[in-house]
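Below is the file run-v2.cif, which contains mmCIF, C-alpha atoms (C1' of nucleotides).
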```cif
data_model
#
loop_
_atom_site.label_atom_id
_atom_site.label_comp_id
_atom_site.auth_asym_id
_atom_site.auth_seq_id
_atom_site.Cartn_x
_atom_site.Cartn_y
_atom_site.Cartn_z
CA MET A 1 2.52 326.33 174.73
CA ASN A 2 3.96 326.63 171.24
CA GLU A 3 4.25 330.09 169.79
CA GLY A 4 2.89 328.56 166.59
CA VAL A 5 -0.57 328.49 168.18
CA GLU A 6 -0.66 332.27 168.17
CA TRP A 7 0.56 332.43 164.59
CA ALA A 8 -2.00 329.84 163.49
CA MET A 9 -4.92 331.65 165.13
CA HIS A 10 -4.07 335.02 163.58
CA SER A 11 -3.50 333.35 160.21
CA CYS A 12 -6.88 331.61 160.36
CA VAL A 13 -8.63 334.89 161.16
CA ASN A 14 -6.92 336.51 158.18
CA LEU A 15 -7.77 333.56 155.96
CA SER A 16 -11.41 333.95 156.96
CA TRP A 17 -11.26 337.38 155.26
CA ALA A 18 -9.65 335.97 152.14
CA ALA A 19 -12.46 333.50 151.51
CA GLY A 20 -12.41 331.99 148.04
CA GLU A 21 -8.77 332.60 147.24
CA ALA A 22 -5.72 330.62 148.31
CA VAL A 23 -3.03 332.52 150.22
CA THR A 24 0.58 331.37 150.13
CA ALA A 25 2.66 330.71 153.22
CA LYS A 26 5.00 333.47 152.09
CA ARG A 27 2.27 336.10 152.16
CA LEU A 28 0.85 334.86 155.44
CA ALA A 29 4.34 335.06 156.92
CA ALA A 30 4.98 338.53 155.50
CA PHE A 31 1.78 339.76 157.13
CA TYR A 32 3.30 339.61 160.61
CA ASN A 33 6.95 339.36 159.57
CA LEU A 34 7.20 335.71 160.62
CA PRO A 35 9.80 333.16 159.43
CA THR A 36 8.22 331.67 156.30
CA ALA A 37 9.58 328.14 156.52
CA TYR A 38 8.57 327.73 160.14
CA LEU A 39 5.10 329.19 159.70
CA ASN A 40 4.75 326.78 156.80
CA LYS A 41 5.25 323.94 159.26
CA GLN A 42 2.33 325.16 161.36
CA LEU A 43 0.13 325.57 158.29
CA GLN A 44 1.00 322.02 157.30
CA ALA A 45 -0.11 320.84 160.72
CA LEU A 46 -3.41 322.71 160.33
CA THR A 47 -3.84 321.05 156.94
CA ARG A 48 -3.18 317.58 158.35
CA ALA A 49 -5.78 318.35 161.04
CA GLY A 50 -8.36 319.20 158.39
CA ILE A 51 -8.59 322.86 159.36
CA LEU A 52 -7.00 324.14 156.15
CA THR A 53 -6.82 322.87 152.60
CA SER A 54 -3.69 323.36 150.53
CA VAL A 55 -2.98 323.54 146.81
CA SER A 56 0.48 323.17 145.29
CA GLY A 57 1.90 325.10 142.39
CA PRO A 58 1.40 328.62 141.05
CA LYS A 59 -1.83 330.18 142.31
CA GLY A 60 -1.57 327.66 145.13
CA GLY A 61 -1.67 328.29 148.85
CA PHE A 62 -3.92 327.73 151.87
CA GLN A 63 -7.62 328.26 152.55
CA LEU A 64 -9.92 327.44 155.42
CA ALA A 65 -11.26 323.93 154.96
CA ARG A 66 -14.66 324.79 156.42
CA ASP A 67 -16.86 327.57 157.73
CA PRO A 68 -14.92 329.56 160.35
CA ARG A 69 -17.90 329.13 162.69
CA ASN A 70 -16.93 325.46 162.83
CA ILE A 71 -13.26 326.04 163.64
CA SER A 72 -12.76 326.41 167.38
CA LEU A 73 -9.72 327.74 169.18
CA LEU A 74 -9.38 324.29 170.70
CA ASP A 75 -9.14 322.75 167.22
CA ILE A 76 -6.13 324.95 166.55
CA VAL A 77 -4.46 324.32 169.90
CA VAL A 78 -4.80 320.58 169.43
CA ALA A 79 -3.53 320.72 165.84
CA ILE A 80 -0.41 322.70 166.74
CA ASP A 81 0.32 321.80 170.34
CA GLY A 82 -0.92 318.24 170.37
CA PRO A 83 -3.72 316.63 172.35
CA ASP A 84 -1.79 316.10 175.60
CA ASP A 85 -2.74 317.83 178.84
CA ALA A 86 -0.26 320.28 180.34
CA PHE A 87 -0.25 318.32 183.58
CA ARG A 88 1.13 314.87 182.93
CA CYS A 89 0.45 312.26 185.63
CA THR A 90 3.56 310.09 185.97
CA GLU A 91 1.81 307.75 188.38
CA ILE A 92 4.26 308.16 191.21
CA LEU A 93 1.67 306.42 193.39
CA LYS A 94 2.95 303.16 191.92
CA GLU A 95 6.11 303.73 193.96
CA GLY A 96 4.19 304.39 197.16
CA PRO A 97 3.09 302.06 199.96
CA GLY A 98 0.26 299.69 199.20
CA ALA A 99 0.40 300.56 195.51
CA ASP A 100 -1.12 298.32 192.89
CA THR A 101 1.37 298.19 190.04
CA ARG A 102 -1.34 297.19 187.61
CA ALA A 103 -3.68 300.06 188.50
CA ASP A 104 -3.93 303.02 186.13
CA TYR A 105 -3.32 305.95 188.46
CA THR A 106 -3.64 308.37 185.57
CA LYS A 107 -7.36 307.70 185.89
CA THR A 108 -7.82 306.91 189.58
CA CYS A 109 -5.41 309.25 191.37
CA VAL A 110 -7.37 312.07 193.01
CA ILE A 111 -4.76 314.67 192.14
CA SER A 112 -4.67 313.52 188.55
CA GLN A 113 -8.46 313.75 188.40
CA ALA A 114 -8.50 317.25 189.83
CA MET A 115 -5.92 318.47 187.35
CA ARG A 116 -7.71 316.85 184.43
CA GLY A 117 -10.96 318.38 185.60
CA ALA A 118 -9.45 321.86 185.53
CA GLU A 119 -7.99 321.32 182.08
CA LEU A 120 -11.39 320.11 180.93
CA THR A 121 -12.99 323.46 181.80
CA TYR A 122 -10.14 325.16 179.96
CA ARG A 123 -10.73 323.07 176.87
CA ARG A 124 -14.47 323.57 177.04
CA GLU A 125 -13.92 327.30 177.06
CA LEU A 126 -11.63 327.12 174.02
CA ALA A 127 -14.03 324.79 172.24
CA SER A 128 -16.83 327.33 172.68
CA ARG A 129 -15.00 330.07 170.78
CA SER A 130 -14.71 329.94 167.01
CA ILE A 131 -12.52 331.75 164.52
CA ALA A 132 -15.69 333.44 163.31
CA ASP A 133 -16.41 334.72 166.83
CA ILE A 134 -12.92 336.22 166.97
CA ALA A 135 -13.17 337.71 163.50
CA ASP A 136 -16.59 339.22 164.27
CA GLU A 137 -15.29 340.86 167.42
CA VAL A 138 -12.30 342.29 165.58
CA VAL A 139 -14.65 343.76 162.96
CA ARG A 140 -16.84 345.23 165.67
CA ARG A 141 -13.83 347.07 167.04
CA THR A 142 -12.06 347.77 163.74
CA PRO A 143 -14.48 347.65 160.82
CA ALA A 144 -11.70 348.20 158.28
CA ALA A 145 -9.79 345.08 159.34
CA PRO A 146 -11.01 342.72 156.59
CA ASP A 147 -10.28 345.27 153.87
CA ASN A 148 -6.87 346.03 155.38
CA THR A 149 -6.09 342.33 155.33
CA ARG A 150 -7.18 341.83 151.73
CA ASN A 151 -5.24 344.90 150.62
CA ARG A 152 -2.12 343.78 152.37
CA PHE A 153 -2.34 340.35 150.76
CA ALA A 154 -2.81 342.01 147.37
CA ASN A 155 0.17 344.31 147.84
CA LEU A 156 2.39 341.46 148.94
CA LYS A 157 1.49 339.45 145.85
CA SER A 158 4.36 340.78 143.73
CA MET B 1 4.03 321.81 183.08
CA ASN B 2 6.86 320.90 185.47
CA GLU B 3 6.84 317.39 186.84
CA GLY B 4 7.66 318.98 190.19
CA VAL B 5 4.04 320.12 190.47
CA GLU B 6 2.91 316.52 190.78
CA TRP B 7 5.62 315.77 193.35
CA ALA B 8 4.73 318.87 195.34
CA MET B 9 1.02 318.07 195.45
CA HIS B 10 1.52 314.50 196.62
CA SER B 11 4.08 315.68 199.16
CA CYS B 12 1.69 318.29 200.54
CA VAL B 13 -1.07 315.70 200.92
CA ASN B 14 1.33 313.46 202.80
CA LEU B 15 2.51 316.34 204.95
CA SER B 16 -1.11 317.04 205.87
CA TRP B 17 -1.13 313.60 207.50
CA ALA B 18 2.11 314.25 209.35
CA ALA B 19 0.76 317.33 211.08
CA GLY B 20 2.90 318.52 213.97
CA GLU B 21 6.14 316.85 212.98
CA ALA B 22 8.69 317.98 210.42
CA VAL B 23 9.49 315.56 207.59
CA THR B 24 12.86 315.64 205.87
CA ALA B 25 13.29 315.95 202.12
CA LYS B 26 15.01 312.58 202.16
CA ARG B 27 11.97 310.82 203.60
CA LEU B 28 9.57 312.65 201.34
CA ALA B 29 11.70 311.62 198.38
CA ALA B 30 11.95 308.01 199.55
CA PHE B 31 8.17 307.83 199.75
CA TYR B 32 7.80 307.82 195.97
CA ASN B 33 11.40 306.98 195.10
CA LEU B 34 12.12 310.48 193.81
CA PRO B 35 15.57 312.12 193.43
CA THR B 36 16.17 313.73 196.84
CA ALA B 37 18.17 316.77 195.76
CA TYR B 38 15.73 317.71 193.04
CA LEU B 39 12.63 317.24 195.17
CA ASN B 40 14.40 319.40 197.72
CA LYS B 41 14.45 322.20 195.16
CA GLN B 42 10.68 321.99 194.80
CA LEU B 43 10.20 321.99 198.56
CA GLN B 44 12.39 325.07 198.77
CA ALA B 45 10.15 326.76 196.21
CA LEU B 46 7.09 325.85 198.29
CA THR B 47 8.81 327.30 201.33
CA ARG B 48 9.65 330.54 199.54
CA ALA B 49 6.00 330.74 198.49
CA GLY B 50 4.89 330.44 202.10
CA ILE B 51 3.20 327.07 201.63
CA LEU B 52 5.71 325.15 203.75
CA THR B 53 7.92 326.05 206.67
CA SER B 54 11.36 324.54 207.01
CA VAL B 55 13.64 323.87 209.94
CA SER B 56 17.37 323.14 209.65
CA GLY B 57 19.36 320.70 211.66
CA PRO B 58 18.59 317.34 213.28
CA LYS B 59 14.85 316.81 213.76
CA GLY B 60 14.45 319.39 211.03
CA GLY B 61 12.45 319.13 207.84
CA PHE B 62 9.30 320.54 206.26
CA GLN B 63 5.75 321.07 207.45
CA LEU B 64 2.68 322.74 206.02
CA ALA B 65 2.80 326.44 206.83
CA ARG B 66 -0.99 326.70 207.26
CA ASP B 67 -4.21 324.74 207.37
CA PRO B 68 -4.41 322.49 204.29
CA ARG B 69 -7.89 323.92 203.65
CA ASN B 70 -6.13 327.16 202.80
CA ILE B 71 -3.64 325.65 200.37
CA SER B 72 -5.12 325.45 196.89
CA LEU B 73 -3.83 323.46 193.96
CA LEU B 74 -3.31 326.79 192.21
CA ASP B 75 -1.00 327.93 195.03
CA ILE B 76 1.21 324.94 194.31
CA VAL B 77 1.14 325.33 190.54
CA VAL B 78 2.15 328.98 190.85
CA ALA B 79 4.89 328.22 193.38
CA ILE B 80 6.50 325.51 191.23
CA ASP B 81 5.62 326.43 187.67
CA GLY B 82 5.56 330.19 188.00
CA PRO B 83 2.72 332.66 187.48
CA ASP B 84 2.90 332.87 183.67
CA ASP B 85 0.07 331.71 181.45
CA ALA B 86 0.70 328.79 179.12
CA PHE B 87 -0.30 330.92 176.13
CA ARG B 88 2.12 333.80 175.79
CA CYS B 89 0.98 336.66 173.55
CA THR B 90 3.99 337.88 171.58
CA GLU B 91 2.03 340.79 170.14
CA ILE B 92 2.58 339.92 166.51
CA LEU B 93 -0.14 342.47 165.72
CA LYS B 94 2.54 345.12 166.14
CA GLU B 95 4.03 343.84 162.88
CA GLY B 96 0.69 343.98 161.07
CA PRO B 97 -0.90 346.73 158.97
CA GLY B 98 -2.24 349.72 160.82
CA ALA B 99 -0.59 348.59 164.05
CA ASP B 100 0.02 350.96 166.91
CA THR B 101 3.50 350.21 168.20
CA ARG B 102 2.68 351.74 171.55
CA ALA B 103 -0.48 349.69 172.10
CA ASP B 104 -0.34 346.76 174.51
CA TYR B 105 -1.78 343.95 172.41
CA THR B 106 -1.32 341.54 175.28
CA LYS B 107 -4.39 343.22 176.73
CA THR B 108 -6.32 344.38 173.67
CA CYS B 109 -5.83 341.60 171.13
CA VAL B 110 -9.04 339.56 170.84
CA ILE B 111 -7.17 336.28 170.54
CA SER B 112 -5.03 337.11 173.55
CA GLN B 113 -8.18 337.94 175.53
CA ALA B 114 -9.87 334.69 174.56
CA MET B 115 -6.88 332.63 175.58
CA ARG B 116 -6.51 334.46 178.86
CA GLY B 117 -10.19 333.98 179.54
CA ALA B 118 -9.86 330.24 179.13
CA GLU B 119 -6.83 330.10 181.40
CA LEU B 120 -8.76 332.11 183.95
CA THR B 121 -11.44 329.42 184.21
CA TYR B 122 -8.67 326.86 184.58
CA ARG B 123 -7.09 328.80 187.41
CA ARG B 124 -10.41 329.38 189.08
CA GLU B 125 -10.99 325.64 189.09
CA LEU B 126 -7.57 324.96 190.61
CA ALA B 127 -8.06 327.72 193.15
CA SER B 128 -11.30 326.11 194.31
CA ARG B 129 -9.64 322.83 195.27
CA SER B 130 -7.54 322.58 198.40
CA ILE B 131 -5.03 320.05 199.64
CA ALA B 132 -7.56 319.21 202.36
CA ASP B 133 -10.21 318.44 199.70
CA ILE B 134 -7.81 316.07 198.02
CA ALA B 135 -6.77 314.44 201.27
CA ASP B 136 -10.40 313.99 202.35
CA GLU B 137 -11.29 312.32 199.10
CA VAL B 138 -8.31 309.97 199.36
CA VAL B 139 -9.42 309.01 202.89
CA ARG B 140 -12.96 308.43 201.67
CA ARG B 141 -11.64 305.93 199.15
CA THR B 142 -8.77 304.51 201.21
CA PRO B 143 -9.34 305.07 204.93
CA ALA B 144 -5.96 303.58 205.83
CA ALA B 145 -4.02 306.11 203.77
CA PRO B 146 -3.03 308.49 206.58
CA ASP B 147 -1.84 305.63 208.79
CA ASN B 148 0.05 304.09 205.88
CA THR B 149 1.76 307.41 205.28
CA ARG B 150 2.73 307.90 208.92
CA ASN B 151 4.02 304.33 209.15
CA ARG B 152 6.07 304.68 206.05
CA PHE B 153 7.61 307.91 207.31
CA ALA B 154 8.40 306.16 210.60
CA ASN B 155 9.98 303.17 208.90
CA LEU B 156 12.08 305.35 206.64
CA LYS B 157 13.43 307.21 209.62
CA SER B 158 16.42 304.86 209.93
"C1'" DT C 1 6.78 320.04 127.16
"C1'" DC C 2 9.32 323.31 129.88
"C1'" DT C 3 9.63 326.43 133.61
"C1'" DA C 4 8.49 328.75 137.62
"C1'" DT C 5 5.82 328.52 141.78
"C1'" DT C 6 4.30 326.34 145.73
"C1'" DC C 7 3.27 322.71 149.22
"C1'" DA C 8 5.18 318.28 151.76
"C1'" DG C 9 8.22 316.67 154.68
"C1'" DG C 10 12.71 314.94 156.21
"C1'" DA C 11 17.26 316.34 157.94
"C1'" DC C 12 19.68 319.05 160.28
"C1'" DA C 13 21.37 323.24 163.56
"C1'" DT C 14 20.42 326.40 167.26
"C1'" DT C 15 18.41 327.92 171.37
"C1'" DT C 16 15.88 327.44 175.51
"C1'" DA C 17 13.73 325.02 179.25
"C1'" DG C 18 13.38 321.07 182.24
"C1'" DT C 19 15.73 317.61 184.89
"C1'" DA C 20 19.32 316.29 187.88
"C1'" DT C 21 23.69 316.31 190.60
"C1'" DC C 22 27.12 318.33 193.54
"C1'" DC C 23 29.21 321.25 196.78
"C1'" DA C 24 30.12 325.02 200.09
"C1'" DG C 25 27.85 327.47 203.77
"C1'" DG C 26 24.58 328.20 207.52
"C1'" DT C 27 21.41 326.26 211.27
"C1'" DT C 28 20.29 323.37 215.14
"C1'" DA C 29 19.56 319.08 218.24
"C1'" DT C 30 22.22 316.06 220.90
"C1'" DA D 1 32.04 319.26 218.77
"C1'" DT D 2 29.49 316.55 215.69
"C1'" DA D 3 26.20 315.03 212.73
"C1'" DA D 4 21.85 315.98 210.45
"C1'" DC D 5 19.52 319.05 207.67
"C1'" DC D 6 18.08 323.12 204.83
"C1'" DT D 7 19.79 326.99 201.35
"C1'" DG D 8 21.30 328.31 197.26
"C1'" DG D 9 24.66 328.69 193.59
"C1'" DA D 10 27.25 326.21 189.95
"C1'" DT D 11 27.22 322.88 186.69
"C1'" DA D 12 25.96 319.06 183.63
"C1'" DC D 13 22.71 316.51 180.99
"C1'" DT D 14 18.54 315.88 178.38
"C1'" DA D 15 14.51 317.04 175.86
"C1'" DA D 16 11.71 320.26 173.49
"C1'" DA D 17 10.94 324.37 170.92
"C1'" DT D 18 12.51 327.15 167.28
"C1'" DG D 19 14.44 327.89 162.89
"C1'" DT D 20 16.84 326.72 158.36
"C1'" DC D 21 17.78 324.03 154.35
"C1'" DC D 22 17.08 320.88 150.78
"C1'" DT D 23 14.84 317.36 147.85
"C1'" DG D 24 10.66 315.88 145.79
"C1'" DA D 25 5.97 316.26 144.02
"C1'" DA D 26 2.05 318.96 142.20
"C1'" DT D 27 0.27 322.41 139.11
"C1'" DA D 28 -0.51 326.75 136.35
"C1'" DG D 29 0.86 329.06 132.42
"C1'" DA D 30 3.92 329.90 128.39
#
```
Represent the supplied structure as structure tokens.
Amino acid sequence: MNEGVEWAMHSCVNLSWAAGEAVTAKRLAAFYNLPTAYLNKQLQALTRAGILTSVSGPKGGFQLARDPRNISLLDIVVAIDGPDDAFRCTEILKEGPGADTRADYTKTCVISQAMRGAELTYRRELASRSIADIADEVVRRTPAAPDNTRNRFANLKS
Amino acid sequence: MNEGVEWAMHSCVNLSWAAGEAVTAKRLAAFYNLPTAYLNKQLQALTRAGILTSVSGPKGGFQLARDPRNISLLDIVVAIDGPDDAFRCTEILKEGPGADTRADYTKTCVISQAMRGAELTYRRELASRSIADIADEVVRRTPAAPDNTRNRFANLKS
DNA sequence: TCTATTCAGGACATTTAGTATCCAGGTTAT
DNA sequence: ATAACCTGGATACTAAATGTCCTGAATAGA
């Protein structure tokens, strides 16, 4: 899985504490000392997926496009890593004995079904957790986190 | 995920129908028209993991090392693809404000925990399905499958 | 209007992982 | 002895992930 998924999730949590103001890619990158240009690519992907909104120019930057309760971890994984399953059925059954070349073994192969079933539970789990859930839990453990985040963004403004 | 996982699972199902006799890597590869030397690498990995046993020399080959009811899909994934999670926490929190450099954020980071939780459900699902389950379901749909497999192995004997 | 800031995205370059082949060495049935 | 077969290291090739750079467009403020 792309490392960008981790960056994107942490950035979204931080953006949820900067509600109302746009944050530039440069400041988001400085937060965790990430390469600016590459993080920018991930933020662009989140924007294309409708998770963030972006504004060009001075005072520009990124914001959450909607309530963080409606942004799931699965949304972010799909936006950054793509919609494909980890297990990719290459339909080797088509090379086997008695195979029907026209059949779609991605759907009918028992192994393929089992693997897709497991990934489905994985996705369901990720879909059930929102950025707001994560942010709330962080606050429960570290109440100062939102203020720390806002302060750091302010200090990095320069 | 490695393509070898798919090869290994299909090969194990076929081996479950060749109980008692060793099958060579060449015949297993010919079954689905796979590259022999590379499939052999996957079979070696299964052997190292204790899923298969191997015998050198003429009449040699591979067999299941234990009852297919005790070989889970997770066993095969771990043997071929390794034990690592897809999501790898790089602990970027250590670069953040108020970070404790000595803390292990792989364990304490809320995002890392959520991702590991989701992968856990995925692994549980794979652990609950055995090669025997798969083979039984194939037989239910295609009763001739075991005979087809044995015949094909016999014909490929050359 | 001019300038500085920032996002958008294409074109690379670099690094790493997956895929695949080959060969030398050891084991075993005939 | 010989041929079949597994073992594992070395190596090559390919694809994907990671990272940088540059041009162009949008926009705020002087």
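Using the PyMOL selection byres ((chain A) within 8 of (chain C)) on the file at hand returns these residues: Thr24, Gln44, Ser54, Val55, Ser56, Gly57, Pro58, Lys59, Gly60 and Gly61 of chain A.
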Which residues match the PyMOL selection byres ((chain A and resi 78-86) around 7) in the file above, as a ChimeraX atom specification? /A:1-2,4-5,42,45-46,49,74-77,87-88 /B:1
Closest pair table for chain D residues within 9 Å of chain B, only C-alpha atoms (C1' of nucleotides), as JSON lines:
```
{"residue": "D:DA3", "atom": "C1'", "partner": "B:Pro58", "partner_atom": "CA", "distance": 8.0}
{"residue": "D:DA4", "atom": "C1'", "partner": "B:Pro58", "partner_atom": "CA", "distance": 4.5}
{"residue": "D:DC5", "atom": "C1'", "partner": "B:Gly57", "partner_atom": "CA", "distance": 4.3}
{"residue": "D:DC6", "atom": "C1'", "partner": "B:Ser56", "partner_atom": "CA", "distance": 4.9}
{"residue": "D:DT7", "atom": "C1'", "partner": "B:Gln44", "partner_atom": "CA", "distance": 8.1}
```
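Of the residues listed (A:Thr101, A:Thr53, A:Thr47, A:Ser128), A:Ser128 shows the shortest atom-to-atom separation from chain B; distances use all atoms listed in the file.
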Starting from chain B, keep only residues with some atom at most 6 Å from an atom of chain A, counting all atoms listed in the file, and report them as a compact mmCIF listing (two decimals) with C-alpha atoms, in the frame of the given file.
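The resulting file, iface32.txt, is reproduced below:
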```txt
# COMPACT_ATOMS: atom_id res chain seq x y z
CA MET B 1 4.03 321.81 183.08
CA PHE B 31 8.17 307.83 199.75
CA TYR B 32 7.80 307.82 195.97
CA ALA B 86 0.70 328.79 179.12
CA PHE B 87 -0.30 330.92 176.13
CA ILE B 92 2.58 339.92 166.51
CA GLU B 95 4.03 343.84 162.88
CA GLY B 96 0.69 343.98 161.07
CA ALA B 118 -9.86 330.24 179.13
CA TYR B 122 -8.67 326.86 184.58
CA GLU B 125 -10.99 325.64 189.09
```
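For the atom pair formed by CA of Arg66 in chain A and CA of Asp136 in chain A, the distance is 16.5 Å, given to one decimal.
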What would range 54-80 of chain B look like with N, CA and C atoms in place, written as a PDB file, keeping the file's coordinate frame?
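See selection06.pdb below for the written result:
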```pdb
ATOM      1  N   SER B  54      10.240 325.474 206.930  1.00  0.00           N
ATOM      2  CA  SER B  54      11.360 324.540 207.010  1.00  0.00           C
ATOM      3  C   SER B  54      12.172 324.809 208.261  1.00  0.00           C
ATOM      4  N   VAL B  55      12.769 323.756 208.782  1.00  0.00           N
ATOM      5  CA  VAL B  55      13.640 323.870 209.940  1.00  0.00           C
ATOM      6  C   VAL B  55      14.937 323.125 209.639  1.00  0.00           C
ATOM      7  N   SER B  56      16.074 323.781 209.880  1.00  0.00           N
ATOM      8  CA  SER B  56      17.370 323.140 209.650  1.00  0.00           C
ATOM      9  C   SER B  56      17.764 322.275 210.820  1.00  0.00           C
ATOM     10  N   GLY B  57      18.774 321.479 210.586  1.00  0.00           N
ATOM     11  CA  GLY B  57      19.360 320.700 211.660  1.00  0.00           C
ATOM     12  C   GLY B  57      18.667 319.385 211.948  1.00  0.00           C
ATOM     13  N   PRO B  58      19.201 318.621 212.886  1.00  0.00           N
ATOM     14  CA  PRO B  58      18.590 317.340 213.280  1.00  0.00           C
ATOM     15  C   PRO B  58      17.158 317.597 213.753  1.00  0.00           C
ATOM     16  N   LYS B  59      16.288 316.658 213.472  1.00  0.00           N
ATOM     17  CA  LYS B  59      14.850 316.810 213.760  1.00  0.00           C
ATOM     18  C   LYS B  59      14.222 317.901 212.907  1.00  0.00           C
ATOM     19  N   GLY B  60      14.991 318.370 211.919  1.00  0.00           N
ATOM     20  CA  GLY B  60      14.450 319.390 211.030  1.00  0.00           C
ATOM     21  C   GLY B  60      13.630 318.766 209.927  1.00  0.00           C
ATOM     22  N   GLY B  61      13.256 319.605 208.953  1.00  0.00           N
ATOM     23  CA  GLY B  61      12.450 319.130 207.840  1.00  0.00           C
ATOM     24  C   GLY B  61      11.403 320.141 207.443  1.00  0.00           C
ATOM     25  N   PHE B  62      10.362 319.654 206.782  1.00  0.00           N
ATOM     26  CA  PHE B  62       9.300 320.540 206.260  1.00  0.00           C
ATOM     27  C   PHE B  62       7.954 320.205 206.899  1.00  0.00           C
ATOM     28  N   GLN B  63       7.143 321.242 207.052  1.00  0.00           N
ATOM     29  CA  GLN B  63       5.750 321.070 207.450  1.00  0.00           C
ATOM     30  C   GLN B  63       4.887 322.043 206.651  1.00  0.00           C
ATOM     31  N   LEU B  64       3.592 321.778 206.632  1.00  0.00           N
ATOM     32  CA  LEU B  64       2.680 322.740 206.020  1.00  0.00           C
ATOM     33  C   LEU B  64       2.713 324.030 206.825  1.00  0.00           C
ATOM     34  N   ALA B  65       2.722 325.154 206.145  1.00  0.00           N
ATOM     35  CA  ALA B  65       2.800 326.440 206.830  1.00  0.00           C
ATOM     36  C   ALA B  65       1.442 326.890 207.340  1.00  0.00           C
ATOM     37  N   ARG B  66       0.351 326.295 206.813  1.00  0.00           N
ATOM     38  CA  ARG B  66      -0.990 326.700 207.260  1.00  0.00           C
ATOM     39  C   ARG B  66      -1.955 325.538 207.051  1.00  0.00           C
ATOM     40  N   ASP B  67      -3.158 325.738 207.508  1.00  0.00           N
ATOM     41  CA  ASP B  67      -4.210 324.740 207.370  1.00  0.00           C
ATOM     42  C   ASP B  67      -4.347 324.290 205.915  1.00  0.00           C
ATOM     43  N   PRO B  68      -4.321 322.981 205.677  1.00  0.00           N
ATOM     44  CA  PRO B  68      -4.410 322.490 204.290  1.00  0.00           C
ATOM     45  C   PRO B  68      -5.683 322.940 203.576  1.00  0.00           C
ATOM     46  N   ARG B  69      -6.682 323.391 204.316  1.00  0.00           N
ATOM     47  CA  ARG B  69      -7.890 323.920 203.650  1.00  0.00           C
ATOM     48  C   ARG B  69      -7.596 325.254 202.981  1.00  0.00           C
ATOM     49  N   ASN B  70      -6.506 325.873 203.381  1.00  0.00           N
ATOM     50  CA  ASN B  70      -6.130 327.160 202.800  1.00  0.00           C
ATOM     51  C   ASN B  70      -4.953 327.048 201.833  1.00  0.00           C
ATOM     52  N   ILE B  71      -4.669 325.836 201.393  1.00  0.00           N
ATOM     53  CA  ILE B  71      -3.640 325.650 200.370  1.00  0.00           C
ATOM     54  C   ILE B  71      -4.336 325.089 199.139  1.00  0.00           C
ATOM     55  N   SER B  72      -4.431 325.891 198.107  1.00  0.00           N
ATOM     56  CA  SER B  72      -5.120 325.450 196.890  1.00  0.00           C
ATOM     57  C   SER B  72      -4.131 324.806 195.923  1.00  0.00           C
ATOM     58  N   LEU B  73      -4.682 324.046 195.000  1.00  0.00           N
ATOM     59  CA  LEU B  73      -3.830 323.460 193.960  1.00  0.00           C
ATOM     60  C   LEU B  73      -3.184 324.553 193.128  1.00  0.00           C
ATOM     61  N   LEU B  74      -3.900 325.680 192.964  1.00  0.00           N
ATOM     62  CA  LEU B  74      -3.310 326.790 192.210  1.00  0.00           C
ATOM     63  C   LEU B  74      -2.085 327.354 192.931  1.00  0.00           C
ATOM     64  N   ASP B  75      -2.160 327.449 194.267  1.00  0.00           N
ATOM     65  CA  ASP B  75      -1.000 327.930 195.030  1.00  0.00           C
ATOM     66  C   ASP B  75       0.244 327.121 194.670  1.00  0.00           C
ATOM     67  N   ILE B  76       0.070 325.814 194.573  1.00  0.00           N
ATOM     68  CA  ILE B  76       1.210 324.940 194.310  1.00  0.00           C
ATOM     69  C   ILE B  76       1.691 325.084 192.879  1.00  0.00           C
ATOM     70  N   VAL B  77       0.751 325.145 191.946  1.00  0.00           N
ATOM     71  CA  VAL B  77       1.140 325.330 190.540  1.00  0.00           C
ATOM     72  C   VAL B  77       1.939 326.611 190.379  1.00  0.00           C
ATOM     73  N   VAL B  78       1.462 327.693 190.978  1.00  0.00           N
ATOM     74  CA  VAL B  78       2.150 328.980 190.850  1.00  0.00           C
ATOM     75  C   VAL B  78       3.521 328.926 191.506  1.00  0.00           C
ATOM     76  N   ALA B  79       3.606 328.282 192.653  1.00  0.00           N
ATOM     77  CA  ALA B  79       4.890 328.220 193.380  1.00  0.00           C
ATOM     78  C   ALA B  79       5.937 327.453 192.575  1.00  0.00           C
ATOM     79  N   ILE B  80       5.531 326.365 191.938  1.00  0.00           N
ATOM     80  CA  ILE B  80       6.500 325.510 191.230  1.00  0.00           C
ATOM     81  C   ILE B  80       6.681 325.932 189.784  1.00  0.00           C
TER      82      ILE B  80
END
```
